[in-house]
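Engineer: Below is the file model-v7.cif, with mmCIF, C-alpha atoms.
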data_final
#
loop_
_atom_site.group_PDB
_atom_site.id
_atom_site.type_symbol
_atom_site.label_atom_id
_atom_site.label_comp_id
_atom_site.auth_asym_id
_atom_site.auth_seq_id
_atom_site.Cartn_x
_atom_site.Cartn_y
_atom_site.Cartn_z
ATOM 1 C CA GLU A 1 11.497 -1.485 10.523
ATOM 2 C CA THR A 2 9.445 -3.689 8.224
ATOM 3 C CA GLY A 3 12.270 -5.741 6.705
ATOM 4 C CA VAL A 4 11.927 -4.030 3.330
ATOM 5 C CA THR A 5 14.645 -1.498 2.568
ATOM 6 C CA GLN A 6 14.487 1.096 -0.176
ATOM 7 C CA THR A 7 17.283 3.289 -1.450
ATOM 8 C CA PRO A 8 17.699 6.106 -1.957
ATOM 9 C CA ARG A 9 15.186 7.728 0.410
ATOM 10 C CA HIS A 10 15.176 10.949 -1.613
ATOM 11 C CA LEU A 11 16.017 11.558 -5.264
ATOM 12 C CA VAL A 12 15.955 14.683 -7.377
ATOM 13 C CA MET A 13 16.468 14.151 -11.068
ATOM 14 C CA GLY A 14 16.215 16.111 -14.284
ATOM 15 C CA MET A 15 13.938 15.049 -17.083
ATOM 16 C CA THR A 16 16.853 13.815 -19.157
ATOM 17 C CA ASN A 17 18.518 11.804 -16.405
ATOM 18 C CA LYS A 18 18.568 8.057 -15.881
ATOM 19 C CA LYS A 19 18.360 6.747 -12.341
ATOM 20 C CA SER A 20 17.340 3.586 -10.527
ATOM 21 C CA LEU A 21 15.436 2.863 -7.341
ATOM 22 C CA LYS A 22 16.380 -0.182 -5.317
ATOM 23 C CA CYS A 23 14.310 -2.390 -3.042
ATOM 24 C CA GLU A 24 15.636 -5.226 -0.916
ATOM 25 C CA GLN A 25 13.933 -7.755 1.334
ATOM 26 C CA HIS A 26 15.394 -10.684 3.232
ATOM 27 C CA LEU A 27 12.089 -11.961 4.559
ATOM 28 C CA GLY A 28 11.993 -14.915 2.210
ATOM 29 C CA HIS A 29 9.004 -13.480 0.374
ATOM 30 C CA ASN A 30 8.145 -14.596 -3.112
ATOM 31 C CA ALA A 31 6.214 -11.592 -4.379
ATOM 32 C CA MET A 32 7.375 -7.996 -4.736
ATOM 33 C CA TYR A 33 5.538 -4.889 -5.841
ATOM 34 C CA TRP A 34 6.081 -1.295 -6.882
ATOM 35 C CA TYR A 35 3.479 1.290 -5.889
ATOM 36 C CA LYS A 36 3.253 4.996 -6.646
ATOM 37 C CA GLN A 37 1.875 7.267 -3.923
ATOM 38 C CA SER A 38 0.888 10.789 -4.911
ATOM 39 C CA ALA A 39 -0.551 13.342 -2.530
ATOM 40 C CA LYS A 40 -4.262 12.887 -1.826
ATOM 41 C CA LYS A 41 -4.482 9.988 -4.278
ATOM 42 C CA PRO A 42 -4.879 6.247 -3.763
ATOM 43 C CA LEU A 43 -1.839 4.036 -3.872
ATOM 44 C CA GLU A 44 -1.352 3.014 -7.489
ATOM 45 C CA LEU A 45 -0.029 -0.437 -8.244
ATOM 46 C CA MET A 46 2.661 -0.307 -10.920
ATOM 47 C CA PHE A 47 4.284 -3.735 -11.168
ATOM 48 C CA VAL A 48 4.020 -7.150 -9.538
ATOM 49 C CA TYR A 49 6.688 -9.831 -9.536
ATOM 50 C CA ASN A 50 6.016 -13.357 -8.397
ATOM 51 C CA PHE A 51 9.017 -15.698 -8.137
ATOM 52 C CA LYS A 52 11.011 -13.149 -10.178
ATOM 53 C CA GLU A 53 8.494 -13.213 -13.013
ATOM 54 C CA GLN A 54 6.532 -10.097 -13.840
ATOM 55 C CA THR A 55 2.867 -10.898 -13.491
ATOM 56 C CA GLU A 56 1.399 -7.440 -13.656
ATOM 57 C CA ASN A 57 2.159 -4.244 -15.510
ATOM 58 C CA ASN A 58 -0.596 -1.865 -14.639
ATOM 59 C CA SER A 59 -0.430 0.243 -17.819
ATOM 60 C CA VAL A 60 2.720 1.947 -16.654
ATOM 61 C CA PRO A 61 4.547 4.185 -19.166
ATOM 62 C CA SER A 62 7.705 2.702 -20.643
ATOM 63 C CA ARG A 63 9.852 5.400 -19.005
ATOM 64 C CA PHE A 64 9.503 3.181 -15.904
ATOM 65 C CA SER A 65 11.284 -0.140 -16.294
ATOM 66 C CA PRO A 66 11.298 -2.742 -13.510
ATOM 67 C CA GLU A 67 13.895 -5.429 -12.950
ATOM 68 C CA CYS A 68 13.845 -8.344 -10.542
ATOM 69 C CA PRO A 69 17.192 -10.186 -10.698
ATOM 70 C CA ASN A 70 16.335 -12.439 -7.750
ATOM 71 C CA SER A 71 13.572 -12.865 -5.211
ATOM 72 C CA SER A 72 15.253 -10.495 -2.738
ATOM 73 C CA HIS A 73 15.860 -7.504 -4.974
ATOM 74 C CA LEU A 74 13.667 -5.288 -7.082
ATOM 75 C CA PHE A 75 14.712 -2.274 -9.116
ATOM 76 C CA LEU A 76 12.812 0.482 -10.860
ATOM 77 C CA HIS A 77 14.802 2.073 -13.661
ATOM 78 C CA LEU A 78 13.799 5.609 -14.548
ATOM 79 C CA HIS A 79 14.525 7.595 -17.699
ATOM 80 C CA THR A 80 13.163 10.733 -19.324
ATOM 81 C CA LEU A 81 10.620 11.265 -16.569
ATOM 82 C CA GLN A 82 8.097 14.081 -16.419
ATOM 83 C CA PRO A 83 7.432 16.460 -13.514
ATOM 84 C CA GLU A 84 4.086 14.716 -12.906
ATOM 85 C CA ASP A 85 6.037 11.551 -12.081
ATOM 86 C CA SER A 86 7.165 13.202 -8.854
ATOM 87 C CA ALA A 87 5.779 11.083 -6.035
ATOM 88 C CA LEU A 88 6.655 8.640 -3.282
ATOM 89 C CA TYR A 89 7.525 5.243 -4.753
ATOM 90 C CA LEU A 90 6.856 2.367 -2.413
ATOM 91 C CA CYS A 91 8.137 -1.153 -2.661
ATOM 92 C CA ALA A 92 6.316 -3.995 -0.924
ATOM 93 C CA SER A 93 6.698 -7.729 -0.555
ATOM 94 C CA SER A 94 4.525 -10.598 0.588
ATOM 95 C CA GLN A 95 5.049 -14.262 1.278
ATOM 96 C CA ASP A 96 2.206 -15.378 -0.904
ATOM 97 C CA PRO A 97 1.473 -13.525 -4.147
ATOM 98 C CA LEU A 98 -2.247 -14.020 -3.618
ATOM 99 C CA TRP A 99 -2.823 -11.269 -1.120
ATOM 100 C CA ASP A 100 -6.235 -12.445 -0.176
ATOM 101 C CA ARG A 101 -4.994 -15.617 1.475
ATOM 102 C CA ASN A 102 -4.511 -13.909 4.815
ATOM 103 C CA THR A 103 -1.124 -12.667 3.698
ATOM 104 C CA GLU A 104 0.054 -9.233 4.647
ATOM 105 C CA ALA A 105 2.258 -6.936 2.659
ATOM 106 C CA PHE A 106 5.406 -5.404 4.089
ATOM 107 C CA PHE A 107 6.181 -1.959 2.720
ATOM 108 C CA GLY A 108 9.451 -0.102 2.518
ATOM 109 C CA GLN A 109 9.671 3.534 3.585
ATOM 110 C CA GLY A 110 9.683 4.658 0.005
ATOM 111 C CA THR A 111 11.779 6.862 -2.238
ATOM 112 C CA ARG A 112 10.626 10.457 -2.493
ATOM 113 C CA LEU A 113 11.230 11.320 -6.153
ATOM 114 C CA THR A 114 11.241 14.872 -7.482
ATOM 115 C CA VAL A 115 11.543 15.427 -11.219
ATOM 116 C CA VAL A 116 12.714 18.893 -12.179
ATOM 117 C CA GLN B 1 -11.960 0.350 -9.564
ATOM 118 C CA GLN B 2 -10.555 1.856 -6.393
ATOM 119 C CA PRO B 3 -12.558 1.817 -3.149
ATOM 120 C CA VAL B 4 -13.859 5.044 -1.698
ATOM 121 C CA GLN B 5 -12.904 5.943 1.854
ATOM 122 C CA SER B 6 -14.745 8.305 4.143
ATOM 123 C CA PRO B 7 -14.189 10.603 5.830
ATOM 124 C CA GLN B 8 -11.055 12.055 4.234
ATOM 125 C CA ALA B 9 -9.840 13.299 7.594
ATOM 126 C CA VAL B 10 -10.864 13.196 11.220
ATOM 127 C CA ILE B 11 -9.565 14.923 14.324
ATOM 128 C CA LEU B 12 -10.049 13.276 17.696
ATOM 129 C CA ARG B 13 -9.189 13.886 21.282
ATOM 130 C CA GLU B 14 -7.587 11.043 23.205
ATOM 131 C CA GLY B 15 -10.210 8.573 24.334
ATOM 132 C CA GLU B 16 -12.707 9.393 21.580
ATOM 133 C CA ASP B 17 -13.972 6.908 19.015
ATOM 134 C CA ALA B 18 -14.026 7.090 15.228
ATOM 135 C CA VAL B 19 -15.233 5.035 12.286
ATOM 136 C CA ILE B 20 -13.600 4.909 8.869
ATOM 137 C CA ASN B 21 -15.574 3.467 5.988
ATOM 138 C CA CYS B 22 -14.358 1.789 2.821
ATOM 139 C CA SER B 23 -16.848 1.166 0.006
ATOM 140 C CA SER B 24 -16.476 -0.543 -3.327
ATOM 141 C CA SER B 25 -18.602 -0.614 -6.458
ATOM 142 C CA LYS B 26 -17.438 -4.181 -7.112
ATOM 143 C CA ALA B 27 -18.082 -7.401 -5.222
ATOM 144 C CA LEU B 28 -15.323 -7.882 -2.686
ATOM 145 C CA TYR B 29 -13.366 -10.969 -1.767
ATOM 146 C CA SER B 30 -11.070 -9.391 0.770
ATOM 147 C CA VAL B 31 -10.377 -6.160 2.579
ATOM 148 C CA HIS B 32 -6.990 -5.149 3.965
ATOM 149 C CA TRP B 33 -6.320 -2.277 6.343
ATOM 150 C CA TYR B 34 -2.984 -0.443 6.671
ATOM 151 C CA ARG B 35 -1.813 2.577 8.628
ATOM 152 C CA GLN B 36 0.917 4.951 7.496
ATOM 153 C CA LYS B 37 2.528 7.463 9.807
ATOM 154 C CA HIS B 38 4.159 10.513 8.298
ATOM 155 C CA GLY B 39 7.472 9.645 6.675
ATOM 156 C CA GLU B 40 7.097 5.950 7.435
ATOM 157 C CA ALA B 41 6.108 2.821 5.567
ATOM 158 C CA PRO B 42 2.473 1.672 5.587
ATOM 159 C CA VAL B 43 2.040 -0.984 8.251
ATOM 160 C CA PHE B 44 -0.381 -3.873 8.059
ATOM 161 C CA LEU B 45 -3.283 -3.882 10.519
ATOM 162 C CA MET B 46 -5.575 -6.704 9.461
ATOM 163 C CA ILE B 47 -7.201 -8.636 6.649
ATOM 164 C CA LEU B 48 -10.862 -9.608 6.479
ATOM 165 C CA LEU B 49 -11.731 -12.423 4.142
ATOM 166 C CA LYS B 50 -15.261 -13.513 4.895
ATOM 167 C CA GLY B 51 -18.479 -11.641 4.703
ATOM 168 C CA GLY B 52 -19.459 -10.458 8.125
ATOM 169 C CA GLU B 53 -16.021 -11.144 9.534
ATOM 170 C CA GLN B 54 -14.865 -8.914 12.322
ATOM 171 C CA LYS B 55 -11.351 -8.638 13.616
ATOM 172 C CA GLY B 56 -9.593 -6.680 16.298
ATOM 173 C CA HIS B 57 -6.081 -5.361 16.799
ATOM 174 C CA ASP B 58 -5.587 -3.734 20.182
ATOM 175 C CA LYS B 59 -8.540 -1.323 20.327
ATOM 176 C CA ILE B 60 -8.774 -1.101 16.570
ATOM 177 C CA SER B 61 -11.299 -3.425 15.002
ATOM 178 C CA ALA B 62 -12.906 -3.861 11.615
ATOM 179 C CA SER B 63 -15.948 -5.408 10.032
ATOM 180 C CA PHE B 64 -16.641 -6.598 6.509
ATOM 181 C CA ASN B 65 -20.134 -6.428 5.066
ATOM 182 C CA GLU B 66 -19.955 -8.435 1.859
ATOM 183 C CA LYS B 67 -23.520 -7.591 0.817
ATOM 184 C CA LYS B 68 -22.961 -3.889 1.117
ATOM 185 C CA GLN B 69 -19.504 -4.220 -0.453
ATOM 186 C CA GLN B 70 -17.961 -2.265 2.353
ATOM 187 C CA SER B 71 -15.750 -2.456 5.380
ATOM 188 C CA SER B 72 -15.515 -0.249 8.442
ATOM 189 C CA LEU B 73 -12.545 0.348 10.727
ATOM 190 C CA TYR B 74 -13.334 1.260 14.323
ATOM 191 C CA LEU B 75 -10.920 3.214 16.473
ATOM 192 C CA THR B 76 -12.016 2.857 20.088
ATOM 193 C CA ALA B 77 -10.738 4.999 22.952
ATOM 194 C CA SER B 78 -8.181 6.496 20.601
ATOM 195 C CA GLN B 79 -4.587 6.991 21.668
ATOM 196 C CA LEU B 80 -2.008 9.457 20.375
ATOM 197 C CA SER B 81 -0.295 6.548 18.616
ATOM 198 C CA TYR B 82 -3.351 6.048 16.425
ATOM 199 C CA SER B 83 -2.540 9.172 14.430
ATOM 200 C CA GLY B 84 -1.718 8.478 10.805
ATOM 201 C CA THR B 85 -3.320 7.793 7.472
ATOM 202 C CA TYR B 86 -5.441 4.678 7.229
ATOM 203 C CA PHE B 87 -5.781 2.896 3.901
ATOM 204 C CA CYS B 88 -8.128 0.154 2.891
ATOM 205 C CA GLY B 89 -7.148 -2.211 0.098
ATOM 206 C CA THR B 90 -9.733 -4.373 -1.604
ATOM 207 C CA GLY B 91 -9.393 -7.561 -3.594
ATOM 208 C CA SER B 92 -12.157 -8.700 -5.881
ATOM 209 C CA SER B 93 -10.986 -12.180 -6.722
ATOM 210 C CA SER B 94 -9.251 -15.117 -5.085
ATOM 211 C CA ASN B 95 -6.861 -15.189 -8.044
ATOM 212 C CA ASP B 96 -6.054 -11.530 -8.018
ATOM 213 C CA TYR B 97 -2.516 -10.373 -7.368
ATOM 214 C CA LYS B 98 -3.730 -6.830 -7.053
ATOM 215 C CA LEU B 99 -5.172 -4.769 -4.295
ATOM 216 C CA SER B 100 -6.941 -1.537 -5.084
ATOM 217 C CA PHE B 101 -6.306 1.041 -2.405
ATOM 218 C CA GLY B 102 -8.468 3.930 -1.292
ATOM 219 C CA ALA B 103 -7.116 7.483 -1.033
ATOM 220 C CA GLY B 104 -6.736 7.172 2.716
ATOM 221 C CA THR B 105 -8.239 8.738 5.826
ATOM 222 C CA THR B 106 -5.985 10.981 7.883
ATOM 223 C CA VAL B 107 -6.560 10.581 11.606
ATOM 224 C CA THR B 108 -5.164 13.115 14.050
ATOM 225 C CA VAL B 109 -5.449 12.330 17.746
ATOM 226 C CA ARG B 110 -4.784 15.222 20.107
ATOM 227 C CA ALA B 111 -4.113 15.164 23.827
#
Before anything else, please render the file you have as structure tokens.
Structural biologist:
Amino acid sequence: ETGVTQTPRHLVMGMTNKKSLKCEQHLGHNAMYWYKQSAKKPLELMFVYNFKEQTENNSVPSRFSPECPNSSHLFLHLHTLQPEDSALYLCASSQDPLWDRNTEAFFGQGTRLTVV
Amino acid sequence: QQPVQSPQAVILREGEDAVINCSSSKALYSVHWYRQKHGEAPVFLMILLKGGEQKGHDKISASFNEKKQQSSLYLTASQLSYSGTYFCGTGSSSNDYKLSFGAGTTVTVRA
């Protein structure tokens, strides 16, 4: 248990569906992140939020839309996805948004997304 | 630019040692190491911030060679609990919000 909770754990959706992934942390962290993890590939950073403000959009297609209503919650809204978007989506948080200042990231267990 | 990890996979018997390397084509400011067990969240192991810095976590230690732009993770006297996929994450700037992760090294420790 890392203190970062993601729901749902598994999601199967059609290409025309709209769904949302939820991430929650009550660690008092100020920065939250979405990562995509595909098999045999490096973790890909998607979005970074610092104090609820988006500071990074790593060239992510517009069919992925993040939302950070407060510093404890992070959503990833999905619509008209493609089969190649199937992956494990990981949420993470850290106390300090500058990860190099001896600050660790806490990851959730991820949402396994399958697009059919 | 994502770091390159080697080897991709390693199989060990309990008590054996292993080294996992993480190399970058860019100058590095920091190196982070995480371990992910199957079906679980990646868990933080350690951060190295200075060139030449070495750190230890139980019998897992790491070094950071700033000149060579690489870091190595050492698994000593491996235990069954060391099984998992190890990721290195590299930061190239003190003002960078991002970490670039390698593809991971899968470690399997057998009795």
Engineer: Would you kindly return, as an mmCIF file with C-alpha atoms, keeping the file's coordinate frame, each protein, DNA or RNA residue with an atom no farther than 10 Å from any atom of A:Asn70, considering only C-alpha atoms and excluding same-chain residues fewer than 6 positions away?
Structural biologist:
data_model
loop_
_atom_site.group_PDB
_atom_site.id
_atom_site.type_symbol
_atom_site.label_atom_id
_atom_site.label_comp_id
_atom_site.auth_asym_id
_atom_site.auth_seq_id
_atom_site.Cartn_x
_atom_site.Cartn_y
_atom_site.Cartn_z
ATOM 1 C CA GLU A 24 15.636 -5.226 -0.916
ATOM 2 C CA ASN A 30 8.145 -14.596 -3.112
ATOM 3 C CA PHE A 51 9.017 -15.698 -8.137
ATOM 4 C CA LYS A 52 11.011 -13.149 -10.178
ATOM 5 C CA GLU A 53 8.494 -13.213 -13.013
#
Engineer: Around the point (8.0, -11.0, 2.5), in the coordinates given by the file, pick out the residues reaching within 8 Å, counting only C-alpha atoms, and return them as a PyMOL selection string.
Structural biologist: chain A and resi 3+25-32+92-95+105-106
Engineer: Write out as a compact mmCIF listing (two decimals) with C-alpha atoms, in the frame of the given file the residues lying within 8 Å of B:Gln54, counting all atoms listed in the file and excluding same-chain residues fewer than 6 positions away.
Structural biologist:
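selection_23.txt written:
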# COMPACT_ATOMS: atom_id res chain seq x y z
CA LEU B 48 -10.86 -9.61 6.48
CA SER B 61 -11.30 -3.42 15.00
CA ALA B 62 -12.91 -3.86 11.62
CA SER B 63 -15.95 -5.41 10.03
CA PHE B 64 -16.64 -6.60 6.51
Engineer: Using only C-alpha atoms, find the one residue out of A:Ala87, A:Thr114, A:Asp96, A:His77 that sits nearest to A:Ser38.
Structural biologist: A:Ala87
Engineer: Please return, as a ChimeraX atom specification, all residues of chain A lying within 7 Å of chain B when only C-alpha atoms are considered.
Structural biologist: /A:40-43,97-100,102,104-110
Engineer: Write the residues of the selection above to a file with C-alpha atoms, as an mmCIF file, in the coordinates of the input.
Structural biologist:
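Printed below is again_28.cif as written:
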data_model
loop_
_atom_site.group_PDB
_atom_site.id
_atom_site.type_symbol
_atom_site.label_atom_id
_atom_site.label_comp_id
_atom_site.auth_asym_id
_atom_site.auth_seq_id
_atom_site.Cartn_x
_atom_site.Cartn_y
_atom_site.Cartn_z
ATOM 1 C CA LYS A 40 -4.262 12.887 -1.826
ATOM 2 C CA LYS A 41 -4.482 9.988 -4.278
ATOM 3 C CA PRO A 42 -4.879 6.247 -3.763
ATOM 4 C CA LEU A 43 -1.839 4.036 -3.872
ATOM 5 C CA PRO A 97 1.473 -13.525 -4.147
ATOM 6 C CA LEU A 98 -2.247 -14.020 -3.618
ATOM 7 C CA TRP A 99 -2.823 -11.269 -1.120
ATOM 8 C CA ASP A 100 -6.235 -12.445 -0.176
ATOM 9 C CA ASN A 102 -4.511 -13.909 4.815
ATOM 10 C CA GLU A 104 0.054 -9.233 4.647
ATOM 11 C CA ALA A 105 2.258 -6.936 2.659
ATOM 12 C CA PHE A 106 5.406 -5.404 4.089
ATOM 13 C CA PHE A 107 6.181 -1.959 2.720
ATOM 14 C CA GLY A 108 9.451 -0.102 2.518
ATOM 15 C CA GLN A 109 9.671 3.534 3.585
ATOM 16 C CA GLY A 110 9.683 4.658 0.005
#
Engineer: Please, what distance in Å, to one decimal, runs between atom CA of B:Leu12 and atom CA of B:Ala111?
Structural biologist: 8.7 Å
Engineer: From the list A:His73, A:Gln6, A:Leu90, A:His79, which residue is nearest A:Met46 when using only C-alpha atoms?
Structural biologist: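 The answer is A:Leu90, which sits nearest to A:Met46.
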Engineer: Report the distance between atom CA of A:Tyr35 and atom CA of B:Thr108 in Å, rounded to one decimal place.
Structural biologist: 24.7 Å
Engineer: In terms of the shortest atom-to-atom distance over all atoms listed in the file, which of B:Lys55, B:Lys26, B:Arg110, B:Arg13 is closest to B:Ser72?
Structural biologist: B:Lys55
Engineer: Report, in Å with one decimal, the straight-line distance from atom CA of A:Cys91 to atom CA of B:Val109.
Structural biologist: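 Pair atom CA of A:Cys91 / atom CA of B:Val109 returns 28.0 Å.
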Engineer: Return the single residue from B:Glu53, B:Ile11, B:Val107, B:Ser71 that is closest to B:Ser24, with distances computed using all atoms listed in the file.
Structural biologist: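 Closest candidate: B:Ser71.
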Engineer: Using the chain letters and numbering of this document, enumerate as a list in words the residues selected by the PyMOL selection byres ((chain A and resi 81) around 8).
Structural biologist: Gly14, Met15, Thr16, Asn17, Arg63, Leu78, His79, Thr80, Gln82, Pro83, Asp85 and Val115 of chain A
Engineer: So, with all atoms listed in the file as the atoms that count, which of B:Thr106, B:Asp17, B:Gly84, B:Val10 lies closest to B:Ile60?
Structural biologist: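 That would be B:Asp17, the residue with the smallest distance to B:Ile60.
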